[in-house]
Structure formats: C-alpha cells, structure tokens
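Asker: Coordinates in my_file_17.txt, compact mmCIF, C-alpha atoms, are listed below.
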```txt
# COMPACT_ATOMS: atom_id res chain seq x y z
CA MET I 8 7.23 12.67 4.00
CA SER I 9 6.51 9.69 6.23
CA HIS I 10 7.48 9.49 9.90
CA TYR I 11 9.65 6.51 8.98
CA ARG I 12 11.61 8.63 6.49
CA ILE I 13 12.05 11.48 8.98
CA ILE I 14 13.48 9.01 11.50
CA GLN I 15 15.84 7.59 8.84
CA ILE I 16 17.16 11.07 8.02
CA ALA I 17 17.59 11.95 11.70
CA TYR I 18 19.39 8.65 12.31
CA ALA I 19 21.78 9.24 9.40
CA ARG I 20 22.56 12.77 10.62
CA ALA I 21 23.15 11.53 14.18
CA ILE I 22 25.61 8.91 12.92
CA GLN I 23 27.45 11.56 10.87
CA LYS I 24 27.72 13.91 13.86
CA THR I 25 28.53 11.42 16.61
CA GLY I 26 29.98 8.43 14.79
CA LYS I 27 27.82 6.23 17.04
CA THR I 28 25.42 3.77 15.46
CA ASP I 29 23.56 3.04 18.70
CA PHE I 30 22.61 6.72 19.13
CA PHE I 31 18.88 6.21 18.77
CA LEU I 32 18.85 3.11 20.94
CA ASP I 33 20.41 5.14 23.78
CA THR I 34 18.07 8.07 23.11
CA TYR I 35 15.02 5.82 22.86
CA THR I 36 15.83 4.06 26.12
CA GLU I 37 16.45 7.36 27.91
CA MET I 38 13.27 8.97 26.57
CA LYS I 39 11.17 5.92 27.41
CA ARG I 40 12.60 5.91 30.93
CA LYS I 41 11.60 9.57 31.37
CA LYS I 42 8.22 8.90 29.70
CA SER I 43 8.92 11.62 27.20
CA LYS I 44 6.18 13.38 25.26
CA HIS I 45 7.74 11.92 22.10
CA PHE I 46 6.34 8.51 22.93
CA LYS I 47 2.74 9.53 23.39
CA LYS I 48 0.06 8.23 21.06
CA PRO I 49 0.46 9.77 17.57
CA LEU I 50 -1.73 12.78 16.89
CA LYS I 51 -4.51 12.45 14.36
CA PRO I 52 -5.47 15.10 11.83
CA ILE I 53 -8.89 16.73 12.16
CA PRO I 54 -11.36 15.09 9.72
CA VAL I 55 -13.40 17.31 7.40
CA GLU I 56 -16.43 16.39 5.28
CA ALA I 57 -15.68 16.83 1.58
CA VAL I 58 -18.54 17.21 -0.87
CA GLY I 59 -18.14 15.85 -4.40
CA LEU I 60 -14.88 14.02 -3.70
CA PRO I 61 -14.39 10.24 -3.49
CA ASN I 62 -14.30 8.57 -0.07
CA SER I 63 -12.76 5.29 -1.23
CA VAL I 64 -10.78 3.78 -4.07
CA ARG I 65 -10.16 0.15 -5.05
CA ILE I 66 -6.47 -0.60 -5.56
CA GLY I 67 -5.76 -4.19 -6.53
CA TYR I 68 -7.53 -6.34 -3.94
CA LYS I 69 -7.88 -3.49 -1.40
CA ASP I 70 -10.63 -0.97 -0.84
CA VAL I 71 -8.77 2.05 0.54
CA ARG I 72 -10.65 4.76 2.44
CA ILE I 73 -9.98 8.40 1.58
CA LYS I 74 -10.33 10.95 4.37
CA TYR I 75 -10.06 14.70 3.99
CA VAL I 76 -8.38 16.35 6.93
CA ARG I 77 -7.46 19.75 8.25
CA PRO I 78 -3.77 20.16 9.07
CA ASP I 79 -3.04 21.17 12.66
CA TYR I 80 -0.19 23.67 12.53
CA LYS I 81 0.07 23.94 16.32
CA LYS I 82 0.76 20.22 16.63
CA TRP I 83 2.51 19.75 13.25
CA VAL I 84 0.01 17.19 12.01
CA MET I 85 -0.26 16.90 8.18
CA THR I 86 1.68 20.13 7.72
CA ASP I 87 4.67 18.79 5.79
CA CYS I 88 2.67 17.15 3.00
CA PHE I 89 -0.61 17.44 1.08
CA GLY I 90 -1.50 13.78 1.54
CA GLU I 91 -0.43 10.54 3.12
CA TYR I 92 -1.08 6.83 2.56
CA ASP I 93 -1.06 4.61 5.65
CA TYR I 94 -1.01 0.98 4.55
CA ARG I 95 -1.48 -0.36 8.09
CA GLN I 96 -4.73 1.58 8.53
CA ASN I 97 -5.62 1.22 4.83
CA ILE I 98 -6.37 4.91 4.49
CA ILE I 99 -5.37 7.87 2.35
CA GLN I 100 -5.53 11.25 4.07
CA ILE I 101 -5.70 14.41 1.95
CA GLN I 102 -5.59 18.03 3.10
CA HIS I 103 -9.15 19.29 2.71
CA ASP I 104 -8.44 22.76 1.31
CA LEU I 105 -6.56 21.77 -1.84
CA CYS I 106 -8.27 22.58 -5.11
CA GLY I 107 -8.10 21.81 -8.81
CA GLN I 108 -4.80 20.43 -9.99
CA GLU I 109 -3.37 20.10 -6.47
CA ILE I 110 -6.13 17.84 -5.13
CA ALA I 111 -6.18 15.74 -8.33
CA ASN I 112 -2.40 15.36 -8.24
CA THR I 113 -2.34 14.57 -4.52
CA ILE I 114 -5.09 11.94 -4.67
CA PHE I 115 -3.42 10.25 -7.67
CA HIS I 116 -0.01 10.48 -5.93
CA GLU I 117 -1.31 8.70 -2.83
CA ILE I 118 -3.09 6.10 -4.99
CA MET I 119 0.28 5.43 -6.64
CA HIS I 120 1.85 4.87 -3.18
CA ALA I 121 -0.93 2.41 -2.39
CA ALA I 122 -0.37 0.66 -5.74
CA VAL I 123 3.36 0.34 -5.00
CA GLN I 124 2.55 -1.24 -1.64
CA VAL I 125 -0.14 -3.59 -3.01
CA ALA I 126 2.21 -4.68 -5.82
CA GLY I 127 4.99 -5.32 -3.30
CA LEU I 128 7.41 -2.97 -5.05
CA ASN I 129 8.60 -1.47 -1.75
CA GLN I 130 9.35 -4.73 0.06
CA GLU I 131 12.85 -5.84 0.97
CA LYS I 132 14.98 -6.50 -2.15
CA ALA I 133 12.32 -4.93 -4.39
CA PRO I 134 13.05 -2.02 -6.77
CA LEU I 135 11.50 0.62 -4.48
CA GLU I 136 12.73 -0.79 -1.17
CA LYS I 137 14.13 2.54 0.00
CA PRO I 138 11.49 5.17 0.84
CA GLU I 139 13.36 7.87 -1.09
CA PHE I 140 13.30 5.70 -4.25
CA GLU I 141 9.57 5.10 -3.87
CA GLU I 142 8.86 8.80 -3.36
CA ALA I 143 10.94 9.83 -6.38
CA VAL I 144 9.31 7.29 -8.71
CA VAL I 145 5.77 7.97 -7.46
CA ASN I 146 6.24 11.74 -7.68
CA GLN I 147 7.69 11.67 -11.19
CA LEU I 148 5.13 9.23 -12.60
CA THR I 149 2.24 11.10 -10.97
CA ASN I 150 3.34 14.42 -12.43
CA VAL I 151 3.84 12.92 -15.90
CA MET I 152 0.48 11.12 -15.86
CA MET I 153 -1.38 14.21 -14.65
CA GLY I 154 0.02 16.01 -17.71
CA VAL I 155 -1.03 13.14 -19.99
CA PHE I 156 -4.59 13.20 -18.59
CA ARG I 157 -4.82 17.01 -18.76
CA ASP I 158 -3.34 17.40 -22.26
CA ASN I 159 -5.24 14.48 -23.82
CA ALA I 160 -8.85 14.93 -22.73
CA TRP I 161 -9.92 11.87 -24.72
CA MET I 162 -7.60 9.56 -22.75
CA VAL I 163 -9.66 8.99 -19.59
CA ASP I 164 -12.91 8.43 -21.50
CA MET I 165 -11.20 6.05 -23.94
CA LEU I 166 -9.66 4.02 -21.12
CA LYS I 167 -12.98 3.82 -19.32
CA ASP I 168 -14.84 2.75 -22.49
CA GLN I 169 -12.23 0.13 -23.45
CA LEU I 170 -12.03 -1.35 -19.94
CA GLU I 171 -15.80 -1.95 -19.96
CA LYS I 172 -15.65 -3.92 -23.22
CA THR I 173 -15.15 -7.65 -23.23
CA ASP I 174 -13.70 -9.94 -25.88
CA GLN I 175 -17.24 -10.73 -26.99
CA ASP I 176 -18.17 -7.07 -27.72
```
Would you mind writing the structure in this file as structure tokens?

Answerer:
Amino acid sequence: MSHYRIIQIAYARAIQKTGKTDFFLDTYTEMKRKKSKHFKKPLKPIPVEAVGLPNSVRIGYKDVRIKYVRPDYKKWVMTDCFGEYDYRQNIIQIQHDLCGQEIANTIFHEIMHAAVQVAGLNQEKAPLEKPEFEEAVVNQLTNVMMGVFRDNAWMVDMLKDQLEKTDQD
C-alpha cells in the first residue's frame, strides 16, 4: 500500500472521529513547527543483489529499473507489501527473499501499476483515479493472468514468437 493511500485512510478516519476537515493541516503545521521525526527524509530499503532476475523492464516509452530490497522491520520500510512502483523515481522495488510464484506475481503486479501510470489510467477523471480502484484492478488482473500463464505453458512462447513476426513473414 502506498504512503499516499495510508495518508488518505488516516485522513478519512480523522474526519469521521473529529468531524474536522482541516485536521491534517493543523497537525501538519504543528508537527512542522516542532520539527517532528515524521517529516524527516523518507527511509530507503536496503538494496540486495539478485542473481538471475531482471534489473529493468520497458513499459511503453519508459525503461523502469527493478531493485531487489531487504525490508527493514525496525523502521517499517517495505514491510507492508512485497513490492512497490514509484513513478517519480521510475523504479520498481521488490522484496529480495520472495520465491517462485510470489516473485513472479509481485514483479508482474508492479509492472501492471507502471502500465496503468504510463497509460494515464490513474489520472484525474480517468477510470482508475482512486488508488483503491487501481489496486483492486491491478491485483485482480495480475492474479488472473498469472493463472493463464501457469496453466497454458504454450501462451508465453506463442506470444513471443508472434510478436517477433512482421506482416512480411
């Protein structure tokens, strides 16, 4: 779950409890004044070298880096998810110790998030504008497609072969 989504949920809960819509503005101002630890530079996960796994993927016009990271449970970095796509940094981060179906599913899931962003499907007034809509669609399509690829071994090879052919072949 993205930091943006966590803040949205916290904001909605604060409005329900207090009835105030300027709750976070007051809190933000107060925390900034006190130079709270919550406004320090975001923590970064610990990178890990992964052998035999891709380190980039082309999605539309973008070349997206893939980094494998170790979650930091003391600092709560990359502990609430297996992977994360950051469109501003143009990077996908994946927990390094996943294996088999989990790493395949997670990499494909994050590629789908990147595809949604590149296609503009999560912009204002677009079908996946709300983060919860994007997550639901990406999660469901990823899980379905992983089953299609697993249960139809011929599918990936056929797609690869057909994409390499031209009209003249």

Asker: Please measure the separation of CA of Pro134 in chain I and CA of Ile118 in chain I, giving the value in Å to one decimal.

Answerer: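 CA of Ile118 in chain I lies 18.2 Å from CA of Pro134 in chain I.
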
Asker: Report, in Å to a single decimal, how far apart CA of Glu141 in chain I and CA of Ala57 in chain I are.

Answerer: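 Answer for the CA of Ala57 in chain I to CA of Glu141 in chain I separation: 28.4 Å.
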
Asker: I want to know what sits within 7 Å of range 67-82 of chain I, based on all atoms listed in the file, with residues of the same chain fewer than 5 positions away left out; could you give that as JSON, numbers by chain?

Answerer: {"I": [52, 53, 54, 55, 56, 57, 61, 62, 97, 98, 99, 100, 101, 102, 103, 125]}

Asker: How far is it from CA of Met152 in chain I to CA of Leu60 in chain I, in Å with one decimal?

Answerer: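 Result for CA of Met152 in chain I versus CA of Leu60 in chain I: 19.8 Å, one decimal.
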
Asker: Using all atoms listed in the file, which residue out of I:Phe115, I:Glu131, I:Gly90, I:Pro138 lies closest to Phe156 in chain I?

Answerer: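 Among the listed residues, I:Phe115 lies closest to Phe156 in chain I.
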
Asker: For Asn112 in chain I, which residue out of I:Val145, I:Thr173, I:Lys51, I:Ala160 is the nearest one, using all atoms listed in the file?

Answerer: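 Checking each candidate against Asn112 in chain I, we get I:Val145 as the closest.
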
Asker: Name the closest residue to His120 in chain I among the candidates I:Asp87, I:Glu136, I:Glu142, I:Asp174; distances are taken between atoms, counting only C-alpha atoms.

Answerer: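 Among the listed residues, I:Glu142 lies closest to His120 in chain I.
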
Asker: From the options I:Val58, I:Ala121, I:Met165, I:Leu170, which residue's atoms come nearest to Tyr94 in chain I, counting all atoms listed in the file?

Answerer: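 Closest residue, counting all atoms listed in the file: I:Ala121.
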